[in-house]
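The structure file model-v8.txt is reproduced below (compact mmCIF, N, CA and C atoms).
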# COMPACT_ATOMS: atom_id res chain seq x y z
N MET A 12 8.85 23.33 -3.81
CA MET A 12 8.41 21.96 -3.89
C MET A 12 7.95 21.50 -2.50
N ALA A 13 6.79 20.94 -2.45
CA ALA A 13 6.26 20.46 -1.18
C ALA A 13 6.93 19.16 -0.78
N GLY A 14 7.01 18.93 0.52
CA GLY A 14 7.60 17.70 1.02
C GLY A 14 6.68 16.52 0.81
N ARG A 15 7.18 15.39 1.11
CA ARG A 15 6.41 14.16 0.96
C ARG A 15 5.31 14.12 2.02
N ARG A 16 4.11 13.81 1.58
CA ARG A 16 2.98 13.74 2.52
C ARG A 16 3.04 12.43 3.29
N LYS A 17 2.65 12.49 4.55
CA LYS A 17 2.62 11.30 5.38
C LYS A 17 1.19 11.06 5.81
N PHE A 18 0.80 9.79 5.78
CA PHE A 18 -0.56 9.43 6.16
C PHE A 18 -0.50 8.48 7.35
N SER A 19 -1.46 8.60 8.23
CA SER A 19 -1.50 7.73 9.40
C SER A 19 -1.88 6.31 8.97
N ARG A 20 -1.57 5.38 9.84
CA ARG A 20 -1.92 3.99 9.60
C ARG A 20 -3.43 3.84 9.45
N GLU A 21 -4.19 4.54 10.30
CA GLU A 21 -5.64 4.45 10.27
C GLU A 21 -6.20 4.93 8.93
N PHE A 22 -5.63 6.02 8.42
CA PHE A 22 -6.07 6.56 7.13
C PHE A 22 -5.86 5.53 6.03
N LYS A 23 -4.68 4.91 6.03
CA LYS A 23 -4.36 3.92 5.00
C LYS A 23 -5.29 2.72 5.08
N VAL A 24 -5.52 2.22 6.29
CA VAL A 24 -6.39 1.06 6.48
C VAL A 24 -7.81 1.38 6.04
N GLU A 25 -8.31 2.54 6.40
CA GLU A 25 -9.67 2.92 6.01
C GLU A 25 -9.79 3.09 4.51
N ALA A 26 -8.76 3.64 3.87
CA ALA A 26 -8.77 3.80 2.42
C ALA A 26 -8.83 2.44 1.74
N VAL A 27 -8.04 1.50 2.22
CA VAL A 27 -8.04 0.15 1.65
C VAL A 27 -9.39 -0.54 1.90
N GLN A 28 -9.96 -0.34 3.07
CA GLN A 28 -11.27 -0.94 3.36
C GLN A 28 -12.35 -0.40 2.44
N MET A 29 -12.26 0.87 2.08
CA MET A 29 -13.24 1.45 1.16
C MET A 29 -13.20 0.72 -0.18
N VAL A 30 -12.00 0.33 -0.60
CA VAL A 30 -11.86 -0.36 -1.87
C VAL A 30 -12.31 -1.82 -1.74
N ARG A 31 -11.85 -2.48 -0.69
CA ARG A 31 -12.11 -3.91 -0.55
C ARG A 31 -13.53 -4.23 -0.11
N GLU A 32 -14.07 -3.46 0.83
CA GLU A 32 -15.36 -3.80 1.41
C GLU A 32 -16.46 -2.81 1.04
N GLY A 33 -16.07 -1.62 0.64
CA GLY A 33 -17.06 -0.57 0.37
C GLY A 33 -17.64 -0.61 -1.03
N GLY A 34 -17.05 -1.44 -1.89
CA GLY A 34 -17.57 -1.54 -3.24
C GLY A 34 -17.16 -0.39 -4.15
N PHE A 35 -16.20 0.39 -3.73
CA PHE A 35 -15.71 1.50 -4.54
C PHE A 35 -14.44 1.07 -5.27
N GLY A 36 -14.19 1.69 -6.42
CA GLY A 36 -13.00 1.40 -7.18
C GLY A 36 -11.80 2.18 -6.67
N VAL A 37 -10.61 1.71 -7.03
CA VAL A 37 -9.37 2.37 -6.60
C VAL A 37 -9.33 3.81 -7.09
N LEU A 38 -9.68 4.02 -8.35
CA LEU A 38 -9.63 5.38 -8.91
C LEU A 38 -10.59 6.32 -8.18
N GLU A 39 -11.77 5.84 -7.90
CA GLU A 39 -12.79 6.65 -7.23
C GLU A 39 -12.34 7.03 -5.81
N VAL A 40 -11.87 6.05 -5.06
CA VAL A 40 -11.44 6.31 -3.68
C VAL A 40 -10.22 7.24 -3.68
N ALA A 41 -9.28 6.99 -4.57
CA ALA A 41 -8.08 7.82 -4.63
C ALA A 41 -8.45 9.27 -4.94
N LYS A 42 -9.34 9.46 -5.87
CA LYS A 42 -9.76 10.83 -6.22
C LYS A 42 -10.46 11.50 -5.04
N ASP A 43 -11.35 10.76 -4.36
CA ASP A 43 -12.07 11.33 -3.22
C ASP A 43 -11.12 11.71 -2.08
N LEU A 44 -10.07 10.91 -1.87
CA LEU A 44 -9.14 11.16 -0.76
C LEU A 44 -7.98 12.08 -1.15
N GLY A 45 -7.86 12.39 -2.43
CA GLY A 45 -6.80 13.28 -2.87
C GLY A 45 -5.43 12.63 -2.89
N ILE A 46 -5.41 11.33 -3.19
CA ILE A 46 -4.13 10.61 -3.31
C ILE A 46 -4.04 10.00 -4.69
N ARG A 47 -2.85 9.59 -5.05
CA ARG A 47 -2.64 8.98 -6.36
C ARG A 47 -3.12 7.52 -6.33
N PRO A 48 -3.70 7.05 -7.41
CA PRO A 48 -4.19 5.67 -7.46
C PRO A 48 -3.08 4.63 -7.23
N ASP A 49 -1.88 4.89 -7.72
CA ASP A 49 -0.80 3.91 -7.52
C ASP A 49 -0.42 3.78 -6.05
N VAL A 50 -0.56 4.87 -5.30
CA VAL A 50 -0.28 4.82 -3.86
C VAL A 50 -1.32 3.93 -3.17
N LEU A 51 -2.57 4.11 -3.52
CA LEU A 51 -3.64 3.30 -2.93
C LEU A 51 -3.48 1.83 -3.31
N ARG A 52 -3.08 1.56 -4.55
CA ARG A 52 -2.85 0.17 -4.96
C ARG A 52 -1.72 -0.45 -4.14
N ARG A 53 -0.66 0.32 -3.88
CA ARG A 53 0.46 -0.19 -3.07
C ARG A 53 -0.01 -0.49 -1.65
N TRP A 54 -0.81 0.40 -1.07
CA TRP A 54 -1.34 0.17 0.28
C TRP A 54 -2.18 -1.10 0.29
N LYS A 55 -2.98 -1.28 -0.74
CA LYS A 55 -3.85 -2.46 -0.83
C LYS A 55 -3.00 -3.74 -0.87
N ARG A 56 -1.92 -3.73 -1.66
CA ARG A 56 -1.02 -4.89 -1.72
C ARG A 56 -0.38 -5.15 -0.37
N GLN A 57 0.02 -4.09 0.33
CA GLN A 57 0.64 -4.25 1.64
C GLN A 57 -0.32 -4.90 2.63
N VAL A 58 -1.58 -4.48 2.60
CA VAL A 58 -2.57 -5.07 3.51
C VAL A 58 -2.80 -6.53 3.14
N GLU A 59 -2.84 -6.84 1.85
CA GLU A 59 -3.07 -8.21 1.41
C GLU A 59 -1.92 -9.13 1.81
N THR A 60 -0.69 -8.64 1.78
CA THR A 60 0.46 -9.49 2.10
C THR A 60 0.77 -9.51 3.60
N ALA A 61 0.67 -8.37 4.26
CA ALA A 61 1.07 -8.29 5.67
C ALA A 61 -0.10 -8.37 6.64
N GLY A 62 -1.30 -8.21 6.18
CA GLY A 62 -2.47 -8.26 7.07
C GLY A 62 -2.42 -7.17 8.12
N LEU A 63 -2.58 -7.56 9.38
CA LEU A 63 -2.60 -6.58 10.48
C LEU A 63 -1.23 -5.95 10.72
N GLY A 64 -0.18 -6.56 10.20
CA GLY A 64 1.17 -6.01 10.38
C GLY A 64 1.52 -4.95 9.36
N ALA A 65 0.61 -4.63 8.47
CA ALA A 65 0.88 -3.63 7.45
C ALA A 65 1.03 -2.24 8.08
N PHE A 66 1.84 -1.44 7.48
CA PHE A 66 2.08 -0.06 7.91
C PHE A 66 2.58 0.02 9.35
N PRO A 67 3.73 -0.58 9.64
CA PRO A 67 4.21 -0.57 11.03
C PRO A 67 4.59 0.82 11.54
N GLY A 68 4.89 1.75 10.65
CA GLY A 68 5.22 3.10 11.08
C GLY A 68 6.71 3.32 11.26
N SER A 69 7.08 4.53 11.56
CA SER A 69 8.49 4.90 11.71
C SER A 69 9.10 4.22 12.92
N GLY A 70 10.22 3.58 12.70
CA GLY A 70 10.95 2.97 13.80
C GLY A 70 10.40 1.64 14.25
N ARG A 71 9.28 1.25 13.75
CA ARG A 71 8.70 -0.04 14.13
C ARG A 71 9.05 -1.05 13.04
N LEU A 72 9.32 -2.26 13.48
CA LEU A 72 9.65 -3.31 12.54
C LEU A 72 8.53 -4.33 12.49
N GLU A 73 8.49 -5.06 11.40
CA GLU A 73 7.56 -6.16 11.32
C GLU A 73 8.03 -7.24 12.29
N PRO A 74 7.13 -8.09 12.75
CA PRO A 74 7.50 -9.09 13.77
C PRO A 74 8.72 -9.93 13.41
N GLU A 75 8.83 -10.34 12.16
CA GLU A 75 9.97 -11.17 11.75
C GLU A 75 11.27 -10.38 11.84
N ASP A 76 11.23 -9.12 11.43
CA ASP A 76 12.42 -8.27 11.48
C ASP A 76 12.82 -7.98 12.93
N GLU A 77 11.83 -7.77 13.78
CA GLU A 77 12.12 -7.52 15.19
C GLU A 77 12.76 -8.74 15.84
N GLU A 78 12.25 -9.92 15.50
CA GLU A 78 12.82 -11.17 16.03
C GLU A 78 14.26 -11.34 15.54
N MET A 79 14.50 -11.02 14.27
CA MET A 79 15.85 -11.12 13.72
C MET A 79 16.79 -10.16 14.44
N ARG A 80 16.34 -8.96 14.70
CA ARG A 80 17.16 -7.97 15.41
C ARG A 80 17.49 -8.47 16.83
N ARG A 81 16.48 -9.03 17.51
CA ARG A 81 16.68 -9.55 18.86
C ARG A 81 17.68 -10.70 18.86
N LEU A 82 17.55 -11.60 17.90
CA LEU A 82 18.46 -12.74 17.83
C LEU A 82 19.89 -12.31 17.51
N ARG A 83 20.05 -11.32 16.67
CA ARG A 83 21.40 -10.82 16.37
C ARG A 83 22.05 -10.20 17.60
N ARG A 84 21.27 -9.44 18.37
CA ARG A 84 21.80 -8.86 19.61
C ARG A 84 22.20 -9.95 20.59
N GLU A 85 21.36 -10.96 20.71
CA GLU A 85 21.66 -12.06 21.63
C GLU A 85 22.90 -12.82 21.17
N LEU A 86 23.03 -13.06 19.88
CA LEU A 86 24.22 -13.74 19.35
C LEU A 86 25.48 -12.94 19.64
N GLN A 87 25.42 -11.64 19.46
CA GLN A 87 26.58 -10.78 19.75
C GLN A 87 26.97 -10.87 21.22
N ARG A 88 25.97 -10.84 22.11
CA ARG A 88 26.24 -10.94 23.55
C ARG A 88 26.87 -12.29 23.89
N VAL A 89 26.36 -13.36 23.32
CA VAL A 89 26.89 -14.70 23.59
C VAL A 89 28.33 -14.83 23.08
N ARG A 90 28.60 -14.25 21.93
CA ARG A 90 29.98 -14.28 21.39
C ARG A 90 30.94 -13.53 22.32
N GLU A 91 30.50 -12.38 22.83
CA GLU A 91 31.35 -11.63 23.75
C GLU A 91 31.61 -12.42 25.03
N GLU A 92 30.57 -13.07 25.55
CA GLU A 92 30.75 -13.90 26.75
C GLU A 92 31.72 -15.05 26.47
N ARG A 93 31.60 -15.66 25.31
CA ARG A 93 32.50 -16.75 24.94
C ARG A 93 33.95 -16.27 24.88
N ASP A 94 34.16 -15.10 24.27
CA ASP A 94 35.51 -14.56 24.16
C ASP A 94 36.10 -14.26 25.54
N ILE A 95 35.29 -13.74 26.44
CA ILE A 95 35.75 -13.46 27.80
C ILE A 95 36.16 -14.76 28.49
N LEU A 96 35.36 -15.80 28.34
CA LEU A 96 35.68 -17.09 28.95
C LEU A 96 36.95 -17.69 28.36
N LYS A 97 37.15 -17.53 27.07
CA LYS A 97 38.39 -18.04 26.45
C LYS A 97 39.61 -17.34 27.05
N LYS A 98 39.51 -16.02 27.20
CA LYS A 98 40.63 -15.26 27.77
C LYS A 98 40.87 -15.66 29.22
N ALA A 99 39.79 -15.86 29.97
CA ALA A 99 39.94 -16.27 31.37
C ALA A 99 40.57 -17.65 31.45
N LEU A 100 40.19 -18.54 30.58
CA LEU A 100 40.77 -19.89 30.56
C LEU A 100 42.26 -19.82 30.25
N ALA A 101 42.63 -18.98 29.31
CA ALA A 101 44.05 -18.83 28.96
C ALA A 101 44.84 -18.28 30.14
N ILE A 102 44.28 -17.30 30.84
CA ILE A 102 44.97 -16.70 32.00
C ILE A 102 45.13 -17.72 33.11
N PHE A 103 44.09 -18.47 33.43
CA PHE A 103 44.17 -19.45 34.51
C PHE A 103 45.05 -20.64 34.15
N SER A 104 45.10 -21.03 32.89
CA SER A 104 45.98 -22.15 32.53
C SER A 104 47.44 -21.73 32.56
N GLU A 105 47.76 -20.45 32.34
CA GLU A 105 49.13 -19.97 32.46
C GLU A 105 49.56 -19.99 33.93
N ARG A 106 48.65 -19.66 34.81
CA ARG A 106 48.97 -19.65 36.23
C ARG A 106 49.23 -21.03 36.79
N GLN A 107 48.64 -22.04 36.17
CA GLN A 107 48.79 -23.42 36.63
C GLN A 107 50.19 -23.97 36.29
N ARG A 108 50.90 -23.40 35.38
CA ARG A 108 52.21 -23.91 34.97
C ARG A 108 53.28 -23.58 35.92
What is this structure when it is put down as structure tokens?
Amino acid sequence: MAGRRKFSREFKVEAVQMVREGGFGVLEVAKDLGIRPDVLRRWKRQVETAGLGAFPGSGRLEPEDEEMRRLRRELQRVREERDILKKALAIFSERQR
């Protein structure tokens, strides 16, 4: 059994452009490129919904997901700093007694 085929972002974008701007049908383009029509339809939907952010690739996130990841990391860091300050406050208030 062959492994799953991977296509570059450029290939996907050009295939979708052939359908949207080239005046060719999904079935015709899919047959010419040797891919399944349902795959090409999925790529077309992704381009329509995500625009230039479609097909981010392995390890890359969409801008919203990347922002969410950054904010979660920052929140974790701030919580750790808060906990350190709480412990320091407890230590210094014990010394004052």
Atom pair atom CA of A:Lys97 + atom CA of A:Glu78, distance 28.5 Å
Counting only C-alpha atoms, closest pick from A:Glu59, A:Glu105, A:Glu91, A:Asp76 relative to A:Gln28 is A:Glu59
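For stretch 18-24 of chain A, the set of protein, DNA and RNA residues having any atom at most 7 Å away, when counting all atoms listed in the file and skipping those fewer than 3 positions along the same chain, is Val27, Gln28, Met29, Trp54 and Phe66 of chain A.
One distance worth recording is that between atom CA of A:Val30 and atom CA of A:Leu51, which is 9.1 Å.
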Quiz item: Mind checking DSSP for chain A and telling me the alpha helix (DSSP H) residues as an MDAnalysis selection string?
Solution: chainID A and resid 20:31 37:44 48:61 74:106
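Interatomic distance, atom N of A:Gly33 to atom C of A:Arg15: 26.6 Å.
Distances to A:Asp43 were evaluated for A:Pro74, A:Ala26, A:Asp94, A:Gln57 using only C-alpha atoms, and the minimum falls at A:Ala26.
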